[in-house]
file query06.txt (compact mmCIF, C-alpha atoms)
# COMPACT_ATOMS: atom_id res chain seq x y z
CA MET A 286 -16.59 72.71 54.79
CA SER A 287 -13.55 71.36 56.54
CA GLU A 288 -15.34 71.27 59.89
CA VAL A 289 -16.78 68.09 61.30
CA PRO A 290 -20.28 68.57 62.74
CA VAL A 291 -20.55 67.84 66.44
CA SER A 292 -23.48 65.49 65.76
CA TRP A 293 -21.18 63.16 63.81
CA PHE A 294 -19.13 62.54 66.93
CA LEU A 295 -22.30 61.96 68.94
CA THR A 296 -23.62 59.57 66.30
CA LEU A 297 -20.34 57.62 66.33
CA SER A 298 -20.64 57.44 70.10
CA ALA A 299 -24.22 56.17 69.77
CA VAL A 300 -23.10 53.47 67.30
CA LEU A 301 -20.31 52.30 69.62
CA PHE A 302 -22.67 52.27 72.61
CA ALA A 303 -25.28 50.23 70.71
CA LEU A 304 -22.60 47.74 69.66
CA GLY A 305 -21.50 47.49 73.28
CA VAL A 306 -25.09 46.77 74.34
CA ALA A 307 -25.33 44.13 71.60
CA GLY A 308 -22.16 42.43 72.81
CA PHE A 309 -23.34 42.61 76.41
CA LEU A 310 -26.68 40.98 75.59
CA PHE A 311 -25.79 38.47 72.88
CA ARG A 312 -22.44 37.06 73.96
CA ARG A 313 -22.09 34.14 76.37
CA ASN A 314 -18.41 34.37 77.28
CA ILE A 315 -17.98 36.33 80.50
CA ILE A 316 -14.73 37.97 79.34
CA THR A 317 -16.34 39.21 76.12
CA VAL A 318 -19.29 40.56 78.12
CA PHE A 319 -16.80 42.44 80.26
CA MET A 320 -15.08 43.86 77.18
CA SER A 321 -18.46 45.05 75.87
CA ILE A 322 -18.85 47.05 79.08
CA GLU A 323 -15.47 48.68 78.38
CA LEU A 324 -16.71 49.51 74.86
CA MET A 325 -19.78 51.24 76.29
CA LEU A 326 -17.61 53.23 78.72
CA ASN A 327 -15.44 54.36 75.80
CA ALA A 328 -18.51 55.53 73.88
CA VAL A 329 -19.64 57.60 76.86
CA ASN A 330 -16.14 59.07 77.17
CA LEU A 331 -16.32 60.24 73.54
CA THR A 332 -19.60 62.00 74.32
CA PHE A 333 -18.06 63.74 77.34
CA VAL A 334 -15.10 65.01 75.32
CA THR A 335 -17.34 66.14 72.44
CA PHE A 336 -19.56 68.20 74.73
CA SER A 337 -16.46 69.57 76.41
CA TYR A 338 -15.37 70.85 72.98
CA GLN A 339 -18.80 72.28 72.18
CA LEU A 340 -19.16 74.10 75.49
CA LYS A 341 -15.45 75.10 75.58
CA GLN A 342 -15.06 73.77 79.13
CA VAL A 343 -12.53 71.39 80.63
CA SER A 344 -15.01 69.59 82.92
CA GLY A 345 -15.78 66.87 80.38
CA HIS A 346 -12.12 65.89 80.22
CA LEU A 347 -12.06 65.50 83.99
CA PHE A 348 -15.15 63.31 83.94
CA THR A 349 -13.43 61.20 81.28
CA PHE A 350 -10.40 60.94 83.57
CA PHE A 351 -12.56 59.75 86.47
CA VAL A 352 -14.36 57.25 84.23
CA MET A 353 -10.95 55.87 83.20
CA VAL A 354 -9.87 55.46 86.83
CA VAL A 355 -13.12 53.73 87.76
CA ALA A 356 -12.86 51.49 84.68
CA ALA A 357 -9.32 50.47 85.62
CA ALA A 358 -10.43 49.62 89.19
CA GLU A 359 -13.44 47.77 87.81
CA ALA A 360 -11.26 45.76 85.42
CA ALA A 361 -8.92 44.73 88.26
CA VAL A 362 -11.72 43.59 90.58
CA GLY A 363 -13.85 42.09 87.80
CA LEU A 364 -11.04 40.02 86.37
CA ALA A 365 -10.16 38.81 89.88
CA ILE A 366 -13.80 37.71 90.27
CA ILE A 367 -13.63 35.95 86.88
CA LEU A 368 -10.47 34.12 87.99
CA THR A 369 -12.16 33.02 91.23
CA VAL A 370 -15.29 31.86 89.40
CA PHE A 371 -13.20 29.91 86.91
CA LYS A 372 -11.25 28.31 89.76
CA ASN A 373 -14.47 27.15 91.43
CA ARG A 374 -16.59 26.30 88.38
CA ALA A 375 -14.09 25.63 85.55
CA THR A 376 -16.32 27.44 83.05
CA LEU A 377 -16.58 30.89 81.48
CA ASN A 378 -20.10 30.52 80.11
CA ILE A 379 -22.52 32.88 81.84
CA ASP A 380 -25.43 30.48 81.22
CA GLU A 381 -23.88 28.04 83.67
CA MET A 382 -23.34 30.62 86.43
CA ASN A 383 -26.85 30.63 87.82
CA SER A 384 -26.44 29.39 91.39
CA MET A 385 -27.92 32.62 92.78
CA LYS A 386 -31.11 32.06 90.77
CA ASP A 387 -32.40 29.09 92.75
CA MET B 1062 -8.75 67.50 56.14
CA ASP B 1063 -10.47 67.19 59.50
CA VAL B 1064 -13.44 65.49 57.87
CA VAL B 1065 -11.15 62.97 56.14
CA LEU B 1066 -9.34 62.21 59.40
CA PHE B 1067 -12.63 61.84 61.26
CA LEU B 1068 -14.09 59.52 58.63
CA ILE B 1069 -10.98 57.30 58.49
CA PHE B 1070 -10.79 56.77 62.24
CA ALA B 1071 -14.56 56.61 62.77
CA ILE B 1072 -14.79 53.82 60.19
CA ILE B 1073 -11.85 51.99 61.84
CA ALA B 1074 -13.55 52.34 65.23
CA VAL B 1075 -16.92 51.05 64.00
CA VAL B 1076 -15.40 48.12 62.08
CA CYS B 1077 -13.31 47.12 65.10
CA ALA B 1078 -16.34 47.45 67.38
CA ILE B 1079 -18.40 45.19 65.11
CA ASN B 1080 -15.47 42.77 65.18
CA VAL B 1081 -15.51 42.82 69.01
CA VAL B 1082 -19.13 41.68 68.98
CA VAL B 1083 -19.04 39.07 66.19
CA GLN B 1084 -15.73 37.31 66.90
CA THR B 1085 -16.17 34.05 68.77
CA HIS B 1086 -12.66 33.90 70.21
CA PRO B 1087 -12.01 36.26 73.16
CA ILE B 1088 -8.47 37.12 72.06
CA SER B 1089 -9.75 38.41 68.69
CA SER B 1090 -12.29 40.55 70.53
CA ALA B 1091 -9.55 41.94 72.77
CA ILE B 1092 -7.30 42.88 69.83
CA SER B 1093 -10.24 44.57 68.08
CA LEU B 1094 -11.07 46.48 71.24
CA ILE B 1095 -7.50 47.83 71.26
CA GLY B 1096 -8.16 49.08 67.71
CA VAL B 1097 -11.31 50.88 68.88
CA MET B 1098 -9.41 52.53 71.74
CA GLY B 1099 -6.53 53.63 69.52
CA SER B 1100 -8.79 55.26 66.93
CA LEU B 1101 -10.77 56.94 69.70
CA ALA B 1102 -7.48 58.41 70.99
CA VAL B 1103 -6.95 60.04 67.56
CA LEU B 1104 -10.48 61.46 67.69
CA TYR B 1105 -9.74 62.87 71.15
CA LEU B 1106 -6.71 64.64 69.68
CA LEU B 1107 -8.98 66.09 66.98
CA LEU B 1108 -11.24 67.42 69.75
CA GLY B 1109 -8.32 69.11 71.47
CA ALA B 1110 -8.04 66.67 74.38
CA GLU B 1111 -4.32 65.89 74.44
CA PHE B 1112 -4.20 64.65 78.03
CA VAL B 1113 -7.23 62.41 77.60
CA ALA B 1114 -5.79 60.98 74.37
CA ALA B 1115 -2.51 60.12 76.11
CA ALA B 1116 -4.35 58.63 79.10
CA GLN B 1117 -6.55 56.63 76.73
CA VAL B 1118 -3.52 55.03 75.08
CA ILE B 1119 -1.62 54.43 78.33
CA VAL B 1120 -4.42 53.41 80.70
CA TYR B 1121 -7.00 51.79 78.42
CA ALA B 1122 -5.12 50.42 75.43
CA GLY B 1123 -2.10 49.72 77.62
CA ALA B 1124 -2.90 48.70 81.16
CA VAL B 1125 -6.52 47.54 81.06
CA MET B 1126 -6.23 45.58 77.82
CA VAL B 1127 -2.98 43.93 78.94
CA LEU B 1128 -4.90 42.76 82.00
CA PHE B 1129 -7.65 41.36 79.76
CA VAL B 1130 -5.22 39.57 77.44
CA PHE B 1131 -3.33 38.25 80.47
CA VAL B 1132 -6.51 36.75 81.97
CA ILE B 1133 -7.58 35.27 78.61
CA MET B 1134 -4.18 33.59 78.24
CA LEU B 1135 -4.17 32.48 81.89
CA LEU B 1136 -7.60 30.84 81.68
CA ASN B 1137 -6.88 29.42 78.23
CA ALA B 1138 -10.27 30.72 77.11
CA GLY B 1139 -11.33 28.96 73.95
CA ARG B 1140 -13.90 29.49 71.27
CA GLU B 1141 -17.38 30.28 72.49
CA THR B 1142 -19.98 27.58 71.94
CA VAL B 1143 -23.27 29.04 70.75
CA ARG B 1144 -26.31 27.13 71.85
CA GLY B 1145 -29.87 27.66 70.73
CA ARG B 1146 -31.24 31.09 71.52
CA SER B 1147 -34.85 31.62 72.41
CA PHE B 1148 -37.32 32.52 69.68
CA MET B 1149 -38.02 35.99 71.10
CA VAL B 1150 -34.33 36.89 71.03
CA GLN B 1151 -33.94 35.81 67.41
CA LEU B 1152 -37.07 37.69 66.39
CA LEU B 1153 -36.81 40.91 68.40
CA GLY B 1154 -33.14 41.33 69.28
CA VAL B 1155 -31.76 43.06 66.19
CA PRO B 1156 -34.85 45.28 65.46
CA LEU B 1157 -34.93 46.50 69.06
CA LEU B 1158 -31.21 47.22 68.92
CA ILE B 1159 -31.60 49.21 65.69
CA ALA B 1160 -34.49 51.14 67.24
CA PHE B 1161 -32.31 51.95 70.25
CA LEU B 1162 -29.48 53.11 67.98
CA GLY B 1163 -31.93 55.23 65.94
CA LEU B 1164 -33.19 56.90 69.11
CA LEU B 1165 -29.66 57.70 70.26
CA ALA B 1166 -28.69 59.04 66.82
CA TRP B 1167 -31.86 61.16 66.65
CA ILE B 1168 -31.03 62.72 70.02
CA ALA B 1169 -27.48 63.37 68.75
CA GLY B 1170 -28.90 65.05 65.65
CA GLN B 1171 -30.82 67.48 67.85
CA PHE B 1172 -27.50 69.00 68.92
CA TYR B 1173 -26.54 69.99 65.39
CA LYS B 1174 -26.24 73.73 65.00
CA PRO B 1175 -24.59 75.30 61.94
CA GLY B 1176 -21.26 76.85 62.80
CA THR B 1177 -20.49 74.63 65.77
CA GLY B 1178 -18.28 72.28 63.81
CA VAL B 1179 -15.15 70.63 65.15
CA HIS B 1180 -11.81 71.60 63.63
CA PHE B 1181 -8.34 70.86 64.90
CA GLY B 1182 -7.14 73.57 67.28
CA GLY B 1183 -10.63 74.91 67.97
CA PHE B 1184 -10.36 74.18 71.69
CA THR B 1185 -7.04 74.42 73.49
CA GLY B 1186 -8.23 73.94 77.07
CA GLY B 1187 -7.40 70.23 77.19
CA SER B 1188 -3.69 70.58 77.89
CA PRO B 1189 -2.20 68.83 80.92
CA ILE B 1190 -1.74 72.25 82.57
CA ALA B 1191 -5.44 73.07 82.39
CA ILE B 1192 -6.45 69.55 83.45
CA GLY B 1193 -4.10 69.61 86.43
CA ARG B 1194 -5.23 73.04 87.53
CA ALA B 1195 -8.90 72.03 87.45
CA LEU B 1196 -8.16 68.67 89.06
CA PHE B 1197 -6.35 70.11 92.07
CA THR B 1198 -8.65 73.08 92.67
CA THR B 1199 -12.26 72.49 91.63
CA TYR B 1200 -12.24 68.70 91.62
CA LEU B 1201 -9.91 68.04 94.56
CA LEU B 1202 -12.46 66.10 96.64
CA PRO B 1203 -13.49 63.71 93.82
CA PHE B 1204 -9.79 63.16 93.09
CA GLU B 1205 -9.07 62.15 96.69
CA ILE B 1206 -12.15 59.90 96.81
CA THR B 1207 -10.90 58.26 93.62
CA SER B 1208 -7.62 57.42 95.33
CA ILE B 1209 -9.56 55.65 98.09
CA LEU B 1210 -11.54 53.78 95.43
CA VAL B 1211 -8.34 52.56 93.79
CA LEU B 1212 -7.02 51.43 97.20
CA ILE B 1213 -10.24 49.46 97.79
CA ALA B 1214 -9.90 47.89 94.33
CA ILE B 1215 -6.31 46.83 95.06
CA VAL B 1216 -7.27 45.25 98.39
CA GLY B 1217 -10.29 43.56 96.80
CA ALA B 1218 -8.27 42.11 93.96
CA VAL B 1219 -5.65 40.79 96.38
CA VAL B 1220 -8.29 39.21 98.63
CA LEU B 1221 -10.08 37.62 95.66
CA GLY B 1222 -6.86 36.32 94.18
CA ARG B 1223 -5.66 34.51 97.30
CA LYS B 1224 -4.89 30.83 97.17
CA GLU B 1225 -7.74 29.46 99.24
CA MET B 1226 -11.23 30.89 99.28
CA ASP B 1227 -13.29 29.81 102.27
call {"tool": "encode", "arguments": {"input": "query06.txt", "output": "structure tokens"}}
result
Amino acid sequence: MSEVPVSWFLTLSAVLFALGVAGFLFRRNIITVFMSIELMLNAVNLTFVTFSYQLKQVSGHLFTFFVMVVAAAEAAVGLAIILTVFKNRATLNIDEMNSMKD
Amino acid sequence: MDVVLFLIFAIIAVVCAINVVVQTHPISSAISLIGVMGSLAVLYLLLGAEFVAAAQVIVYAGAVMVLFVFVIMLLNAGRETVRGRSFMVQLLGVPLLIAFLGLLAWIAGQFYKPGTGVHFGGFTGGSPIAIGRALFTTYLLPFEITSILVLIAIVGAVVLGRKEMD
């Protein structure tokens, strides 16, 4: 029994994804919310690579690669938006960024 | 040996992920997130994904997190002030989250079949040669579209970061 069951990897991925959801919902700092999204993307990447191992195919690795590229682009644009919001509002609290609500 | 390695780095990843959520200072969350990404890179190596592990360290733990830390330092982001949460959130938040996690873990358990365990060297198709061959034959169109996406992201970031916003 030196083999790790595939379900352990998937369970680890589920734990990381749930923690990412928790951070996304419970935190009020916009940068931490953004980092929780990155955590969720990492959990999904682990699932892709695990299934790629189980099915002995390379496609999962390529999807992980594309997710990484999209995450890098998202981080660049998202952090630029955060900078602009901070310049206009001087706050990082998402409770105070509600001008589209009313 | 594989089980020991998995357990060590899985525990590091989960502890760092909990730290990301519970820390009130953004810089502590960012450092913990780097820990999660590093331990996930080791797990990728265990799964035979050498290219993805290297890209994880370079792109995620390197480039993206440097960007995050840079923005946190630039904005001088301080400790988060917690105000009163609504009663429903305090009552239902954690139980609903645990139910969601249980559902995900149950679905993961459905994939368990004896004899399909992960051991180091069980899958050797994740080398840069195999990735490159698949990327430039089967997945050529998505790859080119991705380059356009990155160009759009660069232009968008430059436009958003200009001095005056009208």
call {"tool": "atom_distance", "arguments": {"input": "query06.txt", "atom1": "atom CA of B:Ala1071", "atom2": "atom CA of A:Leu364"}}
result
29.1 Å
call {"tool": "closest_residue", "arguments": {"input": "query06.txt", "among": "A:Phe336, A:Asn330, A:Ala375, A:Ala360", "to": "A:Phe348", "atoms": "all atoms listed in the file"}}
result
A:Asn330
call {"tool": "atom_distance", "arguments": {"input": "query06.txt", "atom1": "atom CA of B:Val1103", "atom2": "atom CA of B:Phe1070"}}
result
7.3 Å
call {"tool": "residues_around", "arguments": {"input": "query06.txt", "residues": "B:Val1179", "least_positions_apart": "2", "cutoff": "10 Å", "atoms": "only C-alpha atoms", "output": "NGL selection string"}}
result
(:A and (287-294 or 335 or 338-339)) or (:B and (1063-1064 or 1067 or 1107-1109 or 1176-1177 or 1181-1184))
call {"tool": "residues_around", "arguments": {"input": "query06.txt", "residues": "A:Phe333", "least_positions_apart": "6", "cutoff": "9 Å", "atoms": "all atoms listed in the file", "output": "PDB file with C-alpha atoms, in the frame of the given file"}}
result
ATOM      1  CA  SER A 344     -15.010  69.590  82.920  1.00  0.00           C
ATOM      2  CA  GLY A 345     -15.780  66.870  80.380  1.00  0.00           C
ATOM      3  CA  HIS A 346     -12.120  65.890  80.220  1.00  0.00           C
ATOM      4  CA  PHE A 348     -15.150  63.310  83.940  1.00  0.00           C
ATOM      5  CA  THR A 349     -13.430  61.200  81.280  1.00  0.00           C
TER       6      THR A 349
END
call {"tool": "closest_residue", "arguments": {"input": "query06.txt", "among": "B:Val1155, B:Val1211, B:Ile1192, B:Met1134", "to": "B:Ala1110", "atoms": "all atoms listed in the file"}}
result
B:Ile1192
call {"tool": "atom_distance", "arguments": {"input": "query06.txt", "atom1": "atom CA of B:Glu1205", "atom2": "atom CA of B:Ala1218"}}
result
20.2 Å
call {"tool": "residues_around", "arguments": {"input": "query06.txt", "residues": "stretch 311-327 of chain A", "least_positions_apart": "6", "cutoff": "8 Å", "atoms": "all atoms listed in the file", "output": "list in words"}}
result
Leu301, Phe302, Ala303, Leu304, Gly305, Val352, Ala356, Ile367, Leu377, Asn378, Ile379 and Asp380 of chain A; Ala1078, Val1081, Val1082, Pro1087, Ser1090, Ala1091, Leu1094, Met1098, Phe1129, Ile1133, Glu1141 and Val1143 of chain B
call {"tool": "closest_residue", "arguments": {"input": "query06.txt", "among": "A:Met382, A:Leu310, A:Ala365, A:Val370", "to": "chain B", "atoms": "only C-alpha atoms"}}
result
A:Ala365
call {"tool": "closest_residue", "arguments": {"input": "query06.txt", "among": "B:Ile1209, B:Leu1165, B:Leu1153, B:Val1118", "to": "chain A", "atoms": "all atoms listed in the file"}}
result
B:Leu1165
call {"tool": "closest_residue", "arguments": {"input": "query06.txt", "among": "B:Ala1191, B:Leu1201, B:Leu1221, B:Ala1138", "to": "B:Glu1111", "atoms": "only C-alpha atoms"}}
result
B:Ala1191
call {"tool": "residues_around", "arguments": {"input": "query06.txt", "residues": "B:Gly1217", "least_positions_apart": "6", "cutoff": "10 Å", "atoms": "only C-alpha atoms", "output": "ChimeraX atom specification"}}
result
/A:358,361-363,365-366 /B:1211
call {"tool": "axis_aligned_box", "arguments": {"input": "query06.txt", "around": "stretch 1151-1161 of chain B", "padding_each_side": "5 Å", "output": "JSON"}}
result
{"center_x": -34.1, "center_y": 43.9, "center_z": 67.9, "size_x": 15.9, "size_y": 26.1, "size_z": 14.8}
call {"tool": "residues_around", "arguments": {"input": "query06.txt", "residues": "B:Ile1095", "least_positions_apart": "2", "cutoff": "10 Å", "atoms": "all atoms listed in the file", "output": "PyMOL selection string"}}
result
chain B and resi 1074+1077-1078+1081+1090-1093+1097-1101+1118+1121-1123+1125-1127
call {"tool": "closest_residue", "arguments": {"input": "query06.txt", "among": "A:Leu347, A:Leu368, A:Met385, A:Met353", "to": "B:Pro1189", "atoms": "only C-alpha atoms"}}
result
A:Leu347
call {"tool": "decode", "arguments": {"input": "query06.txt", "residues": "stretch 1147-1183 of chain B", "atoms": "N, CA and C atoms", "output": "compact mmCIF listing (two decimals), in the first residue's frame"}}
result
# COMPACT_ATOMS: atom_id res chain seq x y z
N SER B 1147 -24.57 39.77 9.47
CA SER B 1147 -25.98 39.54 9.70
C SER B 1147 -26.18 38.21 10.43
N PHE B 1148 -27.35 38.09 11.06
CA PHE B 1148 -27.63 36.91 11.87
C PHE B 1148 -27.65 35.63 11.04
N MET B 1149 -28.21 35.73 9.83
CA MET B 1149 -28.29 34.54 8.96
C MET B 1149 -26.91 34.01 8.61
N VAL B 1150 -25.97 34.95 8.35
CA VAL B 1150 -24.61 34.52 7.99
C VAL B 1150 -23.96 33.80 9.16
N GLN B 1151 -24.10 34.36 10.37
CA GLN B 1151 -23.49 33.72 11.53
C GLN B 1151 -24.09 32.35 11.78
N LEU B 1152 -25.40 32.23 11.54
CA LEU B 1152 -26.08 30.97 11.86
C LEU B 1152 -25.84 29.92 10.80
N LEU B 1153 -25.95 30.30 9.51
CA LEU B 1153 -25.98 29.31 8.44
C LEU B 1153 -24.68 29.18 7.67
N GLY B 1154 -23.77 30.14 7.80
CA GLY B 1154 -22.60 30.15 6.94
C GLY B 1154 -21.75 28.90 7.03
N VAL B 1155 -21.27 28.60 8.24
CA VAL B 1155 -20.36 27.46 8.39
C VAL B 1155 -21.06 26.13 8.12
N PRO B 1156 -22.29 25.86 8.64
CA PRO B 1156 -22.95 24.58 8.30
C PRO B 1156 -23.16 24.38 6.80
N LEU B 1157 -23.56 25.45 6.10
CA LEU B 1157 -23.76 25.32 4.65
C LEU B 1157 -22.45 25.01 3.95
N LEU B 1158 -21.37 25.65 4.44
CA LEU B 1158 -20.06 25.42 3.83
C LEU B 1158 -19.61 23.98 4.04
N ILE B 1159 -19.85 23.45 5.26
CA ILE B 1159 -19.46 22.06 5.54
C ILE B 1159 -20.31 21.10 4.69
N ALA B 1160 -21.59 21.44 4.50
CA ALA B 1160 -22.43 20.60 3.65
C ALA B 1160 -21.93 20.59 2.21
N PHE B 1161 -21.50 21.76 1.74
CA PHE B 1161 -20.95 21.86 0.39
C PHE B 1161 -19.68 21.03 0.24
N LEU B 1162 -18.80 21.13 1.26
CA LEU B 1162 -17.56 20.35 1.25
C LEU B 1162 -17.87 18.86 1.29
N GLY B 1163 -18.86 18.46 2.13
CA GLY B 1163 -19.23 17.04 2.20
C GLY B 1163 -19.73 16.52 0.88
N LEU B 1164 -20.52 17.35 0.17
CA LEU B 1164 -21.03 16.94 -1.14
C LEU B 1164 -19.89 16.74 -2.13
N LEU B 1165 -18.95 17.69 -2.14
CA LEU B 1165 -17.81 17.58 -3.06
C LEU B 1165 -16.99 16.34 -2.73
N ALA B 1166 -16.73 16.10 -1.42
CA ALA B 1166 -15.91 14.95 -1.03
C ALA B 1166 -16.63 13.64 -1.34
N TRP B 1167 -17.98 13.62 -1.21
CA TRP B 1167 -18.73 12.41 -1.54
C TRP B 1167 -18.61 12.11 -3.03
N ILE B 1168 -18.71 13.14 -3.86
CA ILE B 1168 -18.56 12.94 -5.30
C ILE B 1168 -17.16 12.41 -5.61
N ALA B 1169 -16.14 12.98 -4.89
CA ALA B 1169 -14.77 12.51 -5.11
C ALA B 1169 -14.64 11.05 -4.72
N GLY B 1170 -15.31 10.65 -3.64
CA GLY B 1170 -15.23 9.26 -3.19
C GLY B 1170 -15.82 8.29 -4.20
N GLN B 1171 -16.76 8.78 -5.03
CA GLN B 1171 -17.37 7.90 -6.03
C GLN B 1171 -16.34 7.45 -7.07
N PHE B 1172 -15.24 8.19 -7.20
CA PHE B 1172 -14.25 7.84 -8.22
C PHE B 1172 -13.24 6.81 -7.73
N TYR B 1173 -13.40 6.38 -6.46
CA TYR B 1173 -12.39 5.46 -5.94
C TYR B 1173 -12.61 4.07 -6.51
N LYS B 1174 -11.61 3.57 -7.19
CA LYS B 1174 -11.63 2.18 -7.64
C LYS B 1174 -10.34 1.54 -7.17
N PRO B 1175 -10.38 0.32 -6.60
CA PRO B 1175 -9.15 -0.31 -6.15
C PRO B 1175 -8.21 -0.56 -7.33
N GLY B 1176 -6.96 -0.27 -7.13
CA GLY B 1176 -5.98 -0.50 -8.19
C GLY B 1176 -5.73 0.70 -9.06
N THR B 1177 -6.43 1.80 -8.83
CA THR B 1177 -6.16 3.00 -9.61
C THR B 1177 -5.43 4.03 -8.75
N GLY B 1178 -4.52 3.56 -7.93
CA GLY B 1178 -3.80 4.48 -7.06
C GLY B 1178 -2.75 5.26 -7.82
N VAL B 1179 -2.28 6.33 -7.18
CA VAL B 1179 -1.26 7.19 -7.77
C VAL B 1179 0.08 6.81 -7.18
N HIS B 1180 1.05 6.49 -7.99
CA HIS B 1180 2.42 6.32 -7.51
C HIS B 1180 3.34 7.04 -8.47
N PHE B 1181 4.49 7.47 -7.92
CA PHE B 1181 5.40 8.30 -8.70
C PHE B 1181 5.92 7.52 -9.90
N GLY B 1182 5.84 8.12 -11.09
CA GLY B 1182 6.28 7.45 -12.30
C GLY B 1182 5.19 6.63 -12.96
N GLY B 1183 3.95 6.71 -12.46
CA GLY B 1183 2.87 5.93 -13.06
C GLY B 1183 2.36 6.51 -14.36
